[in-house]
Amino acid sequence: MEGKGAISPEDLILILIATAMGTLARYLSLKVDYRQYPSHPNGYLIHLVIAFIAAAIGAVAIPAIKSNNYTAVTFLALAIQHFRDVRKTERESLKDLECTEFTPRGEAYIDGIAKTFESRNYFSLIVALTTAATIEFIRYLGFANVIQIAAGIIAGYLVFFGISRFSQGKTVGDIASIKPGVIEVRGSELYVDGVFVSNTLGTKNAQKMVQAEGLAVVIEPTEEHYRVTLDNFGQRKAMLFEATRSIGVKRYHYTRKDYESGKTVIVLVPLLRDAEKLINVVRHTPLLESVKKSHSVMKSTIWGE
């Protein structure tokens, strides 16, 4: 005989399935790409543990409501506050690491990363809550356990697909063309495709190094109003950071915008001289939410364009 307050086998299955779906949703939204963030394996472990807690809170909400234990639902508010703390901690951690990077990320990029990791914790909570609610609803209709579980998994997946597509940000490559630039050194002045970049190459060694080993890319907006986004200092710092983080910096690195043509130029003397990788990493640099000024750039849809 079950004791007072003991959880039923049906509710236990519901909680386990919903928690697993919520944690899986967070795992699927984690990816280690050229940015190497989050780190692996410790970064993965931290975010997956937080996701498990979020999913568990979402999973137990439905059985709590069903048993008239409305006090337990207040844990949802506690979870939201916890996620805000995650965002704050992430921001502080990245700021502390700024002095160790080749070039700083910048405040705008750090804010975007912190918001992203906060929002993705909600994936686990929402997916687990949806899965649990669907299982309970199908159970109420009188269907078998297998159908209940299958319906819950399908509903959780559909919700995850929808919110992940809706929250998916755009990249520089969506609003600009990126191509290699031709470096030209004229005395102490540096030009890329005729665009003046710097006049700090005062020594012969610096001039020879940039001319022989330097790489440059030119970012040109595909439409005139996209200049508002690409000319933003925070966005340019993000592109330069990703470029230097990907192929390293041997000595010099510059970013310059041409006010007449709208082009943005990135030049550096890298540790790894890989022009294709440099173009690819700039193309996939995220567009920062804080600098989006165009409705077409901000537009996000569940089904894509």
# chains A, B, ... in the order shown; residues from 1 in each chain; ligands from 1
>>> residues_around(residues="Thr285 (chain A)", least_positions_apart="4", cutoff="8 Å", atoms="only C-alpha atoms", output="compact mmCIF listing (two decimals) with all heavy atoms, in the first residue's frame")
# COMPACT_ATOMS: atom_id res chain seq x y z
N THR A 171 23.65 35.78 -38.54
CA THR A 171 25.09 35.99 -38.55
C THR A 171 25.45 37.09 -39.55
O THR A 171 24.61 37.54 -40.34
CB THR A 171 25.83 34.70 -38.93
OG1 THR A 171 25.46 34.33 -40.27
CG2 THR A 171 25.48 33.56 -37.97
N VAL A 172 26.70 37.50 -39.51
CA VAL A 172 27.18 38.55 -40.41
C VAL A 172 26.98 38.14 -41.87
O VAL A 172 26.64 38.97 -42.72
CB VAL A 172 28.66 38.86 -40.13
CG1 VAL A 172 29.24 39.80 -41.19
CG2 VAL A 172 28.82 39.48 -38.74
N GLY A 173 27.15 36.86 -42.16
CA GLY A 173 26.99 36.39 -43.53
C GLY A 173 25.58 36.53 -44.07
O GLY A 173 25.39 36.49 -45.29
N ALA A 238 33.22 42.35 -32.12
CA ALA A 238 32.87 40.93 -32.09
C ALA A 238 33.50 40.19 -33.28
O ALA A 238 34.04 39.08 -33.12
CB ALA A 238 31.35 40.76 -32.11
N MET A 239 33.47 40.80 -34.46
CA MET A 239 34.07 40.17 -35.64
C MET A 239 35.58 40.05 -35.49
O MET A 239 36.17 39.01 -35.83
CB MET A 239 33.71 40.98 -36.90
CG MET A 239 32.25 40.89 -37.31
SD MET A 239 31.91 41.67 -38.91
CE MET A 239 32.09 43.42 -38.49
N GLU A 242 36.40 37.22 -32.95
CA GLU A 242 36.26 35.87 -33.50
C GLU A 242 37.39 35.56 -34.47
O GLU A 242 37.88 34.43 -34.53
CB GLU A 242 34.90 35.71 -34.18
CG GLU A 242 33.72 35.77 -33.24
CD GLU A 242 33.72 34.66 -32.21
OE1 GLU A 242 34.52 33.72 -32.32
OE2 GLU A 242 32.91 34.72 -31.27
N VAL A 281 34.99 32.34 -40.43
CA VAL A 281 34.73 32.70 -39.05
C VAL A 281 34.06 34.07 -38.97
O VAL A 281 33.18 34.30 -38.13
CB VAL A 281 36.02 32.66 -38.21
CG1 VAL A 281 36.86 33.88 -38.43
CG2 VAL A 281 35.72 32.50 -36.74
>>> residues_around(residues="region 53-64 of chain A", least_positions_apart="5", cutoff="7 Å", atoms="only C-alpha atoms", output="MDAnalysis selection string")
chainID A and resid 11 15 18:19 22:23 69:70 72:73 75:76 79 121 124:126 128:129 132:133
>>> closest_residue(among="A:Asn280, A:Ser67, A:Thr264, A:Gln81", to="Thr229 (chain A)", atoms="only C-alpha atoms")
A:Thr264
>>> closest_residue(among="A:Glu92, A:Asp274, A:Glu260, A:Glu118", to="Ile80 (chain A)", atoms="only C-alpha atoms")
A:Glu118
>>> atom_distance(atom1="CA of Glu289 (chain A)", atom2="CA of Pro38 (chain A)")
19.3 Å
>>> atom_distance(atom1="CA of Leu28 (chain A)", atom2="CA of Glu98 (chain A)")
28.1 Å
>>> residues_around(residues="Val159 (chain A)", least_positions_apart="4", cutoff="7 Å", atoms="only C-alpha atoms", output="list in words")
Val127, Ala155 and Ile163 of chain A
>>> write_last_selection(atoms="N, CA, C and O atoms", output="compact mmCIF listing (two decimals), in the first residue's frame")
# COMPACT_ATOMS: atom_id res chain seq x y z
N VAL A 127 10.14 22.74 -22.31
CA VAL A 127 9.99 21.41 -22.93
C VAL A 127 9.51 20.39 -21.90
O VAL A 127 8.61 19.59 -22.16
N ALA A 155 5.24 16.01 -28.42
CA ALA A 155 4.90 17.40 -28.06
C ALA A 155 6.14 18.15 -27.58
O ALA A 155 6.35 19.32 -27.96
N ILE A 163 10.77 26.73 -30.46
CA ILE A 163 11.46 27.80 -29.72
C ILE A 163 12.93 27.91 -30.13
O ILE A 163 13.51 29.00 -30.09
>>> residues_around(residues="Ala114 (chain A)", least_positions_apart="4", cutoff="6 Å", atoms="only C-alpha atoms", output="list in words")
Arg87, Glu90 and Arg91 of chain A
>>> residues_around(residues="Val265 (chain A)", least_positions_apart="5", cutoff="6 Å", atoms="only C-alpha atoms", output="VMD selection string")
chain A and resid 217 to 218 255 to 256
>>> closest_residue(among="A:Leu94, A:Asp174, A:Gly262, A:Lys66", to="Glu136 (chain A)", atoms="only C-alpha atoms")
A:Lys66
>>> select_by_dssp(residues="region 14-232 of chain A", states="alpha helix (DSSP H)", output="MDAnalysis selection string")
chainID A and resid 14:29 42:66 75:96 107:140 145:166 204:213 227:230
>>> closest_residue(among="A:Ser39, A:Gln211, A:Thr103, A:Ser177", to="Arg245 (chain A)", atoms="only C-alpha atoms")
A:Thr103
>>> residues_around(residues="region 196-210 of chain A", least_positions_apart="3", cutoff="10 Å", atoms="only C-alpha atoms", output="MDAnalysis selection string")
chainID A and resid 183:193 213:215 250:258 264:270
>>> decode(residues="region 145-295 of chain A", atoms="C-alpha atoms", output="mmCIF file, in the first residue's frame")
data_model
loop_
_atom_site.group_PDB
_atom_site.id
_atom_site.type_symbol
_atom_site.label_atom_id
_atom_site.label_comp_id
_atom_site.auth_asym_id
_atom_site.auth_seq_id
_atom_site.Cartn_x
_atom_site.Cartn_y
_atom_site.Cartn_z
ATOM 1 C CA ASN A 145 0.805 4.317 -21.213
ATOM 2 C CA VAL A 146 2.765 3.839 -24.435
ATOM 3 C CA ILE A 147 0.583 6.361 -26.248
ATOM 4 C CA GLN A 148 0.891 8.803 -23.342
ATOM 5 C CA ILE A 149 4.677 8.647 -23.425
ATOM 6 C CA ALA A 150 4.845 8.854 -27.230
ATOM 7 C CA ALA A 151 2.527 11.865 -27.296
ATOM 8 C CA GLY A 152 4.559 13.598 -24.578
ATOM 9 C CA ILE A 153 7.839 13.038 -26.427
ATOM 10 C CA ILE A 154 6.379 14.309 -29.722
ATOM 11 C CA ALA A 155 4.904 17.395 -28.058
ATOM 12 C CA GLY A 156 8.188 18.147 -26.290
ATOM 13 C CA TYR A 157 10.128 17.816 -29.539
ATOM 14 C CA LEU A 158 7.751 20.092 -31.443
ATOM 15 C CA VAL A 159 7.989 22.763 -28.754
ATOM 16 C CA PHE A 160 11.789 22.483 -28.728
ATOM 17 C CA PHE A 161 11.894 22.763 -32.522
ATOM 18 C CA GLY A 162 9.677 25.835 -32.442
ATOM 19 C CA ILE A 163 11.461 27.798 -29.717
ATOM 20 C CA SER A 164 14.939 26.884 -30.983
ATOM 21 C CA ARG A 165 14.086 28.132 -34.468
ATOM 22 C CA PHE A 166 12.459 31.268 -33.087
ATOM 23 C CA SER A 167 15.459 32.080 -30.875
ATOM 24 C CA GLN A 168 18.038 31.302 -33.561
ATOM 25 C CA GLY A 169 20.035 34.431 -34.284
ATOM 26 C CA LYS A 170 21.467 35.594 -37.577
ATOM 27 C CA THR A 171 25.087 35.993 -38.553
ATOM 28 C CA VAL A 172 27.177 38.550 -40.414
ATOM 29 C CA GLY A 173 26.993 36.385 -43.531
ATOM 30 C CA ASP A 174 23.209 36.894 -43.640
ATOM 31 C CA ILE A 175 23.532 40.636 -44.287
ATOM 32 C CA ALA A 176 26.961 41.052 -45.863
ATOM 33 C CA SER A 177 29.373 39.571 -48.372
ATOM 34 C CA ILE A 178 32.815 38.652 -47.077
ATOM 35 C CA LYS A 179 35.787 38.383 -49.403
ATOM 36 C CA PRO A 180 39.599 38.417 -49.082
ATOM 37 C CA GLY A 181 41.223 41.832 -49.260
ATOM 38 C CA VAL A 182 44.411 42.861 -51.009
ATOM 39 C CA ILE A 183 46.973 44.295 -48.579
ATOM 40 C CA GLU A 184 49.068 47.234 -49.753
ATOM 41 C CA VAL A 185 51.771 48.932 -47.691
ATOM 42 C CA ARG A 186 52.728 52.449 -48.693
ATOM 43 C CA GLY A 187 55.563 53.519 -46.452
ATOM 44 C CA SER A 188 54.116 53.455 -42.937
ATOM 45 C CA GLU A 189 50.514 53.403 -44.184
ATOM 46 C CA LEU A 190 48.409 50.277 -44.576
ATOM 47 C CA TYR A 191 45.648 49.948 -47.177
ATOM 48 C CA VAL A 192 43.266 47.111 -48.024
ATOM 49 C CA ASP A 193 41.516 47.277 -51.406
ATOM 50 C CA GLY A 194 42.315 50.978 -51.459
ATOM 51 C CA VAL A 195 40.762 51.609 -48.028
ATOM 52 C CA PHE A 196 43.056 53.321 -45.538
ATOM 53 C CA VAL A 197 43.491 51.203 -42.395
ATOM 54 C CA SER A 198 46.440 52.485 -40.347
ATOM 55 C CA ASN A 199 49.595 54.610 -40.436
ATOM 56 C CA THR A 200 51.417 52.852 -37.604
ATOM 57 C CA LEU A 201 53.743 50.662 -39.686
ATOM 58 C CA GLY A 202 56.759 52.831 -38.960
ATOM 59 C CA THR A 203 59.529 50.214 -39.173
ATOM 60 C CA LYS A 204 60.754 48.169 -42.118
ATOM 61 C CA ASN A 205 60.232 44.939 -40.187
ATOM 62 C CA ALA A 206 56.577 45.820 -39.522
ATOM 63 C CA GLN A 207 56.006 46.715 -43.164
ATOM 64 C CA LYS A 208 57.597 43.479 -44.408
ATOM 65 C CA MET A 209 55.706 41.341 -41.874
ATOM 66 C CA VAL A 210 52.290 42.774 -42.744
ATOM 67 C CA GLN A 211 52.954 42.610 -46.472
ATOM 68 C CA ALA A 212 54.286 39.040 -46.407
ATOM 69 C CA GLU A 213 52.225 37.402 -43.675
ATOM 70 C CA GLY A 214 49.130 39.563 -43.225
ATOM 71 C CA LEU A 215 45.579 38.498 -44.016
ATOM 72 C CA ALA A 216 42.642 40.793 -44.692
ATOM 73 C CA VAL A 217 38.920 40.459 -45.286
ATOM 74 C CA VAL A 218 36.466 43.022 -46.572
ATOM 75 C CA ILE A 219 32.890 42.945 -45.261
ATOM 76 C CA GLU A 220 30.413 44.747 -47.502
ATOM 77 C CA PRO A 221 26.706 45.046 -46.574
ATOM 78 C CA THR A 222 24.324 43.603 -49.164
ATOM 79 C CA GLU A 223 21.865 46.460 -48.567
ATOM 80 C CA GLU A 224 22.496 50.052 -47.589
ATOM 81 C CA HIS A 225 20.533 49.972 -44.314
ATOM 82 C CA TYR A 226 22.615 47.032 -43.053
ATOM 83 C CA ARG A 227 25.460 49.517 -42.589
ATOM 84 C CA VAL A 228 23.752 50.630 -39.373
ATOM 85 C CA THR A 229 24.451 47.202 -37.883
ATOM 86 C CA LEU A 230 27.894 46.540 -39.345
ATOM 87 C CA ASP A 231 29.242 50.015 -38.532
ATOM 88 C CA ASN A 232 28.423 49.532 -34.860
ATOM 89 C CA PHE A 233 31.592 49.440 -32.769
ATOM 90 C CA GLY A 234 30.360 46.480 -30.698
ATOM 91 C CA GLN A 235 29.656 44.421 -33.828
ATOM 92 C CA ARG A 236 33.067 45.199 -35.316
ATOM 93 C CA LYS A 237 34.766 44.224 -32.044
ATOM 94 C CA ALA A 238 32.874 40.925 -32.093
ATOM 95 C CA MET A 239 34.066 40.173 -35.643
ATOM 96 C CA LEU A 240 37.660 41.064 -34.794
ATOM 97 C CA PHE A 241 37.507 38.957 -31.630
ATOM 98 C CA GLU A 242 36.264 35.873 -33.500
ATOM 99 C CA ALA A 243 38.888 36.349 -36.193
ATOM 100 C CA THR A 244 41.776 36.593 -33.718
ATOM 101 C CA ARG A 245 40.376 33.824 -31.525
ATOM 102 C CA SER A 246 40.171 31.455 -34.499
ATOM 103 C CA ILE A 247 43.555 31.884 -36.172
ATOM 104 C CA GLY A 248 45.511 33.738 -33.479
ATOM 105 C CA VAL A 249 47.519 36.949 -33.702
ATOM 106 C CA LYS A 250 51.245 37.026 -34.316
ATOM 107 C CA ARG A 251 51.593 40.797 -34.113
ATOM 108 C CA TYR A 252 49.170 43.318 -35.602
ATOM 109 C CA HIS A 253 45.381 43.443 -35.846
ATOM 110 C CA TYR A 254 43.157 46.238 -37.116
ATOM 111 C CA THR A 255 39.541 46.894 -37.966
ATOM 112 C CA ARG A 256 38.464 49.907 -39.991
ATOM 113 C CA LYS A 257 35.263 51.043 -41.679
ATOM 114 C CA ASP A 258 35.088 53.045 -44.888
ATOM 115 C CA TYR A 259 32.454 55.757 -44.484
ATOM 116 C CA GLU A 260 31.940 56.245 -48.219
ATOM 117 C CA SER A 261 31.491 52.659 -49.422
ATOM 118 C CA GLY A 262 30.172 51.139 -46.189
ATOM 119 C CA LYS A 263 32.838 48.444 -46.223
ATOM 120 C CA THR A 264 34.423 47.138 -43.027
ATOM 121 C CA VAL A 265 38.004 45.883 -43.157
ATOM 122 C CA ILE A 266 39.737 43.443 -40.804
ATOM 123 C CA VAL A 267 43.524 43.001 -41.042
ATOM 124 C CA LEU A 268 45.845 40.911 -38.913
ATOM 125 C CA VAL A 269 49.110 39.011 -38.944
ATOM 126 C CA PRO A 270 47.896 35.584 -37.788
ATOM 127 C CA LEU A 271 49.585 32.626 -36.198
ATOM 128 C CA LEU A 272 47.744 30.305 -38.602
ATOM 129 C CA ARG A 273 47.720 31.742 -42.104
ATOM 130 C CA ASP A 274 44.404 30.367 -43.336
ATOM 131 C CA ALA A 275 42.445 32.868 -45.433
ATOM 132 C CA GLU A 276 39.476 30.542 -45.948
ATOM 133 C CA LYS A 277 39.092 29.968 -42.230
ATOM 134 C CA LEU A 278 39.257 33.709 -41.579
ATOM 135 C CA ILE A 279 36.466 34.382 -44.071
ATOM 136 C CA ASN A 280 34.358 31.572 -42.652
ATOM 137 C CA VAL A 281 34.726 32.701 -39.051
ATOM 138 C CA VAL A 282 33.778 36.295 -39.878
ATOM 139 C CA ARG A 283 30.815 35.083 -41.907
ATOM 140 C CA HIS A 284 29.500 33.093 -38.932
ATOM 141 C CA THR A 285 30.011 35.796 -36.309
ATOM 142 C CA PRO A 286 26.624 36.348 -34.626
ATOM 143 C CA LEU A 287 24.748 39.569 -35.185
ATOM 144 C CA LEU A 288 24.428 41.117 -31.752
ATOM 145 C CA GLU A 289 20.871 41.742 -30.588
ATOM 146 C CA SER A 290 21.866 45.042 -29.021
ATOM 147 C CA VAL A 291 22.942 46.503 -32.384
ATOM 148 C CA LYS A 292 20.143 45.279 -34.661
ATOM 149 C CA LYS A 293 18.415 48.329 -36.109
ATOM 150 C CA SER A 294 16.692 46.842 -39.153
ATOM 151 C CA HIS A 295 13.321 45.072 -39.035
#
